[in-house]
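Novice: The structure follows.
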Amino acid sequence: MKPTIAITMGDPTGVGPEVILKAISDKQIRRLCNPVILGDEAVLEHLISNFKFQISNLNIINLSNLNPNKLKPGKPDKVCAKAMMTYIQEAVCMAMAGDVDAIVTGPISKETINKAGYKFHGHTEFLAHLTKTKNFRMMLAGSSLKVILVTIHESIKRVPKFLTRENIFKTIKITDDTFKKYFGLKKPRIAVAGLNPHAGEAGLFGDEEGQIILPAIKKARKLGINASDPLPPDTLFYRVVKNKEFDCVVCMYHDQGLIPLKLLHFEDGVNVTLGLPIIRTSVDHGTAYDIAWKGTANPSSMIAAIKMAVEMVRKKEGSRQRGVKNVEVLHL
């Protein structure tokens with residue numbers, strides 16, 4: 001059986017609905033999985049009609065009752081905020097119950113959901129809340145580079161505060177567990193980036209590498225994890241991408257990992273949440289309000305996110321593909 005993938009529509013007034021429709025119009029995607037959209041039937045039908053999408057056997061779980069003629073592309077309101085969070089919540093419930101094999105999420109507006117009273121920084125924190133997950137990490141991935149972040153949305157001046165031995169160790173451990181379980185690697189080669197130029201140059205440019213990062217690495221190695229010493233960030237990514245010396249990179253802060261990742265995979269990058277009891281991938285872009293509902297959005301990241309979810313399902317230890325059950329699915 002092909003895996004069943006639940007795809008959340010994201011912000012109805014963003015590019016999420018469009019990139020999803022374009023992605024599942026791809027014949028390769030339909031051969032790989034059974035996609036089920038969790039979203040708004042009227043919005044999807046509106047876009048299908050406007051842009052003449054040729055899609056047969058479209059499976060939709062309708063979770064909101066929006067009027068597309070009253071929505072303003074790029075201008076979400078509280079009703080849209082509730083809708084986009086409802087899509088995510090239902091997808092998580094389905095995945096936890098075993099009704100779907102994985103979830104792929106469309107982009108949401110962090111600003112809008114917070115104004116509507118949802119006090120989460122974004123998808124990752126909401127997913128962790130719903131699944132009662134304490135230790136989770138963000139991975140951004142493409143075919144040539146995969147980066148995992150110790151700290152995520154923190155200002156540069158606050159990063160050292162969160163770089164504790166325990167946080168770094170947990171990041172390395174979660175990374176190792178994930179690549180073994182979902183990517184079929186028996187002993188993942190994990191590169192660990194230093195924080196400072198030249199990885200501190202033996203303390204000349206900073207001592208975080210010796211005082212914090214290396215002790216965390218040594219703790220991981222005691223568990224048999226194949227993690228490198230702290231490596232100079234300015235040459236590390238060349239070694240990963242060009243020389244294929246490592247399978248992934250643990251990065252200390254947001255831009256350290258995302259600048260090289262987006263240089264290589266700006267259009268087809270995938271966001272993966274590690275540490276959850278379910279498989280979740282997502283597009284690596286935002287709501288793109290400036291081009292919402294114009295028919296020009298690039299679906300490459302959504303296609304890549306669906307493909308990665310399928311890959312993770314198939315390589316998952318003891319996986320078995322499931323059909324959607326216990327939910328009302330509209331077949332268009």
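Identifiers for the structure tokens are assigned positionally: chains receive A, B, ... in sequence, residues are indexed from 1 per chain, and ligands are indexed from 1 in the order shown.
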Could you make a table, as a tab-separated table, of the residues of segment 261-281 of chain A that have an atom within 8 Å of an atom of segment 119-134 of chain A, each with its nearest atom pair and distance in Å to one decimal, counting only C-alpha atoms, in chain and number order?

Specialist:
```
residue	atom	partner	partner_atom	distance
A:Thr273	CA	A:Thr124	CA	6.6
A:Gly275	CA	A:Thr133	CA	7.4
A:Leu276	CA	A:Thr133	CA	6.2
A:Pro277	CA	A:Thr131	CA	7.2
```

Novice: Could the residues in this selection be written to a file with C-alpha atoms, as a JSON list (two decimals), in the first residue's frame?

Specialist:
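Below is the file that was written, again.json:
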```json
[["chain", "number", "residue", "atom", "x", "y", "z"],
["A", 273, "THR", "CA", 10.61, 18.31, 13.22],
["A", 275, "GLY", "CA", 11.87, 14.08, 18.25],
["A", 276, "LEU", "CA", 8.11, 13.88, 17.70],
["A", 277, "PRO", "CA", 6.28, 10.53, 17.94]]
```

Novice: At most 9 Å is the cut-off: for each residue in segment 82-173 of chain A with any atom that close to an atom of segment 208-224 of chain A, write down the nearest atom pair and the distance in Å rounded to one decimal, counting only C-alpha atoms, chain first then increasing number, as a tab-separated table.

Specialist:
```
residue	atom	partner	partner_atom	distance
A:Pro160	CA	A:Glu208	CA	8.2
A:Leu163	CA	A:Ile212	CA	7.4
A:Thr164	CA	A:Ile212	CA	6.3
A:Arg165	CA	A:Ala216	CA	5.0
A:Glu166	CA	A:Ala216	CA	6.8
A:Asn167	CA	A:Ala216	CA	8.4
A:Ile168	CA	A:Ala216	CA	6.0
A:Phe169	CA	A:Ala216	CA	4.8
A:Lys170	CA	A:Ala216	CA	8.6
A:Ile172	CA	A:Ala220	CA	7.0
A:Lys173	CA	A:Ala220	CA	6.7
```

Novice: So, with only C-alpha atoms as the atoms that count, which of A:Lys110, A:Lys2, A:Lys157, A:Lys82 lies closest to Arg30 of chain A?

Specialist: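 The answer is A:Lys2, which sits nearest to Arg30 of chain A.
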
Novice: Show me, as JSON, numbers by chain, the residues that have an atom within 6 Å of Thr4 of chain A when counting only C-alpha atoms, minus same-chain residues fewer than 2 positions from it.

Specialist: {"A": [33, 34, 35, 100, 101]}

Novice: With distances taken over only C-alpha atoms, which of A:Gly142, A:Pro232, A:Pro68, A:Gly14 is nearest to Pro107 of chain A?

Specialist: A:Gly14

Novice: Among segment 97-276 of chain A, which ones does DSSP assign to strand (DSSP E or B) (computed from the backbone)? Answer as a ChimeraX atom specification.

Specialist: /A:102-105,137-141,146-149,190-193,227-231,248-251,270-274

Novice: Between A:Glu267, A:Glu154, A:Glu201, A:Asp40, which is the closest to Pro299 of chain A once you count only C-alpha atoms?

Specialist: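 Residue with the minimum atom-to-atom distance to Pro299 of chain A: A:Glu267.
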
Novice: Just the helix (DSSP H, G or I) stuff from segment 181-244 of chain A, please, per backbone DSSP, written as a list in words.

Specialist: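 Listing helix (DSSP H, G or I) positions across segment 181-244 of chain A yields Lys181, Tyr182, Pro197, His198, Ala199, Gly200, Glu208, Glu209, Gly210, Gln211, Ile212, Ile213, Leu214, Pro215, Ala216, Ile217, Lys218, Lys219, Ala220, Arg221, Pro233, Asp234, Thr235, Leu236, Phe237, Tyr238, Arg239, Val240 and Val241 of chain A.
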
Novice: Quick one: write out the picked residues with N, CA and C atoms as an mmCIF file, in the first residue's frame?

Specialist:
```
data_model
loop_
_atom_site.group_PDB
_atom_site.id
_atom_site.type_symbol
_atom_site.label_atom_id
_atom_site.label_comp_id
_atom_site.auth_asym_id
_atom_site.auth_seq_id
_atom_site.Cartn_x
_atom_site.Cartn_y
_atom_site.Cartn_z
ATOM 1 N N LYS A 181 16.347 5.804 12.597
ATOM 2 C CA LYS A 181 14.960 5.338 12.529
ATOM 3 C C LYS A 181 14.291 5.663 11.203
ATOM 4 N N TYR A 182 14.548 6.860 10.677
ATOM 5 C CA TYR A 182 13.781 7.321 9.521
ATOM 6 C C TYR A 182 14.580 7.471 8.227
ATOM 7 N N PRO A 197 34.690 31.651 15.129
ATOM 8 C CA PRO A 197 35.568 31.506 13.962
ATOM 9 C C PRO A 197 36.668 30.492 14.237
ATOM 10 N N HIS A 198 36.920 29.639 13.267
ATOM 11 C CA HIS A 198 37.952 28.603 13.369
ATOM 12 C C HIS A 198 37.692 27.660 14.548
ATOM 13 N N ALA A 199 36.407 27.526 14.930
ATOM 14 C CA ALA A 199 36.024 26.689 16.085
ATOM 15 C C ALA A 199 36.789 27.113 17.339
ATOM 16 N N GLY A 200 37.029 28.421 17.466
ATOM 17 C CA GLY A 200 37.666 28.963 18.657
ATOM 18 C C GLY A 200 39.169 29.075 18.589
ATOM 19 N N GLU A 208 33.889 28.411 24.029
ATOM 20 C CA GLU A 208 32.672 27.580 24.054
ATOM 21 C C GLU A 208 32.924 26.186 23.503
ATOM 22 N N GLU A 209 33.786 26.086 22.496
ATOM 23 C CA GLU A 209 34.065 24.774 21.905
ATOM 24 C C GLU A 209 34.648 23.815 22.935
ATOM 25 N N GLY A 210 35.636 24.277 23.689
ATOM 26 C CA GLY A 210 36.292 23.408 24.663
ATOM 27 C C GLY A 210 35.505 23.220 25.937
ATOM 28 N N GLN A 211 34.789 24.256 26.364
ATOM 29 C CA GLN A 211 34.093 24.213 27.644
ATOM 30 C C GLN A 211 32.687 23.608 27.560
ATOM 31 N N ILE A 212 32.031 23.754 26.413
ATOM 32 C CA ILE A 212 30.628 23.347 26.320
ATOM 33 C C ILE A 212 30.387 22.301 25.223
ATOM 34 N N ILE A 213 30.833 22.605 24.008
ATOM 35 C CA ILE A 213 30.472 21.757 22.867
ATOM 36 C C ILE A 213 31.178 20.405 22.917
ATOM 37 N N LEU A 214 32.499 20.409 23.130
ATOM 38 C CA LEU A 214 33.247 19.150 23.136
ATOM 39 C C LEU A 214 32.803 18.206 24.264
ATOM 40 N N PRO A 215 32.566 18.676 25.483
ATOM 41 C CA PRO A 215 32.051 17.760 26.514
ATOM 42 C C PRO A 215 30.722 17.111 26.126
ATOM 43 N N ALA A 216 29.855 17.862 25.435
ATOM 44 C CA ALA A 216 28.585 17.283 24.974
ATOM 45 C C ALA A 216 28.828 16.196 23.936
ATOM 46 N N ILE A 217 29.796 16.435 23.059
ATOM 47 C CA ILE A 217 30.143 15.455 22.036
ATOM 48 C C ILE A 217 30.694 14.189 22.687
ATOM 49 N N LYS A 218 31.553 14.345 23.648
ATOM 50 C CA LYS A 218 32.137 13.183 24.319
ATOM 51 C C LYS A 218 31.071 12.354 25.029
ATOM 52 N N LYS A 219 30.082 13.025 25.598
ATOM 53 C CA LYS A 219 28.976 12.308 26.236
ATOM 54 C C LYS A 219 28.208 11.497 25.203
ATOM 55 N N ALA A 220 28.003 12.077 24.021
ATOM 56 C CA ALA A 220 27.304 11.362 22.951
ATOM 57 C C ALA A 220 28.118 10.173 22.455
ATOM 58 N N ARG A 221 29.420 10.356 22.371
ATOM 59 C CA ARG A 221 30.284 9.270 21.887
ATOM 60 C C ARG A 221 30.262 8.065 22.827
ATOM 61 N N PRO A 233 33.162 26.375 11.182
ATOM 62 C CA PRO A 233 31.985 26.499 10.320
ATOM 63 C C PRO A 233 32.293 26.971 8.906
ATOM 64 N N ASP A 234 33.388 27.739 8.732
ATOM 65 C CA ASP A 234 33.648 28.293 7.401
ATOM 66 C C ASP A 234 34.099 27.251 6.387
ATOM 67 N N THR A 235 34.587 26.096 6.852
ATOM 68 C CA THR A 235 34.991 25.039 5.925
ATOM 69 C C THR A 235 34.126 23.784 6.040
ATOM 70 N N LEU A 236 33.345 23.716 7.095
ATOM 71 C CA LEU A 236 32.566 22.506 7.364
ATOM 72 C C LEU A 236 31.587 22.166 6.250
ATOM 73 N N PHE A 237 30.855 23.159 5.765
ATOM 74 C CA PHE A 237 29.801 22.863 4.794
ATOM 75 C C PHE A 237 30.379 22.420 3.450
ATOM 76 N N TYR A 238 31.560 22.885 3.109
ATOM 77 C CA TYR A 238 32.241 22.383 1.916
ATOM 78 C C TYR A 238 32.531 20.898 2.069
ATOM 79 N N ARG A 239 32.989 20.500 3.254
ATOM 80 C CA ARG A 239 33.303 19.094 3.501
ATOM 81 C C ARG A 239 32.063 18.208 3.430
ATOM 82 N N VAL A 240 30.936 18.771 3.838
ATOM 83 C CA VAL A 240 29.681 17.999 3.795
ATOM 84 C C VAL A 240 29.146 17.895 2.372
ATOM 85 N N VAL A 241 29.061 19.034 1.686
ATOM 86 C CA VAL A 241 28.412 19.069 0.379
ATOM 87 C C VAL A 241 29.315 18.531 -0.731
#
```

Novice: For Lys72 of chain A, which of A:Gly106, A:Gly117, A:Pro17, A:Pro12 is the closest residue, counting only C-alpha atoms?

Specialist: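 Using only C-alpha atoms, Lys72 of chain A sits closest to A:Pro12.
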
Novice: Kindly give the distance, in Å, that separates atom CA of Gly74 of chain A and atom CA of Asp255 of chain A, rounded to a single decimal.

Specialist: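 Taking atom CA of Gly74 of chain A as the start and atom CA of Asp255 of chain A as the end point, the length is 26.4 Å.
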
Novice: Pick out the residues sitting within 8 Å of Tyr253 of chain A, and hand them over as a VMD selection string; count only C-alpha atoms, and ignore anything fewer than 5 positions along from it in its own chain.

Specialist: chain A and resid 149 to 152 154 156 159

Novice: Between A:Tyr289, A:Phe266, A:Phe53, A:Phe183, which is the closest to Ala309 of chain A once you count only C-alpha atoms?

Specialist: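 Of A:Tyr289, A:Phe266, A:Phe53, A:Phe183, the one nearest Ala309 of chain A is A:Phe183, counting only C-alpha atoms.
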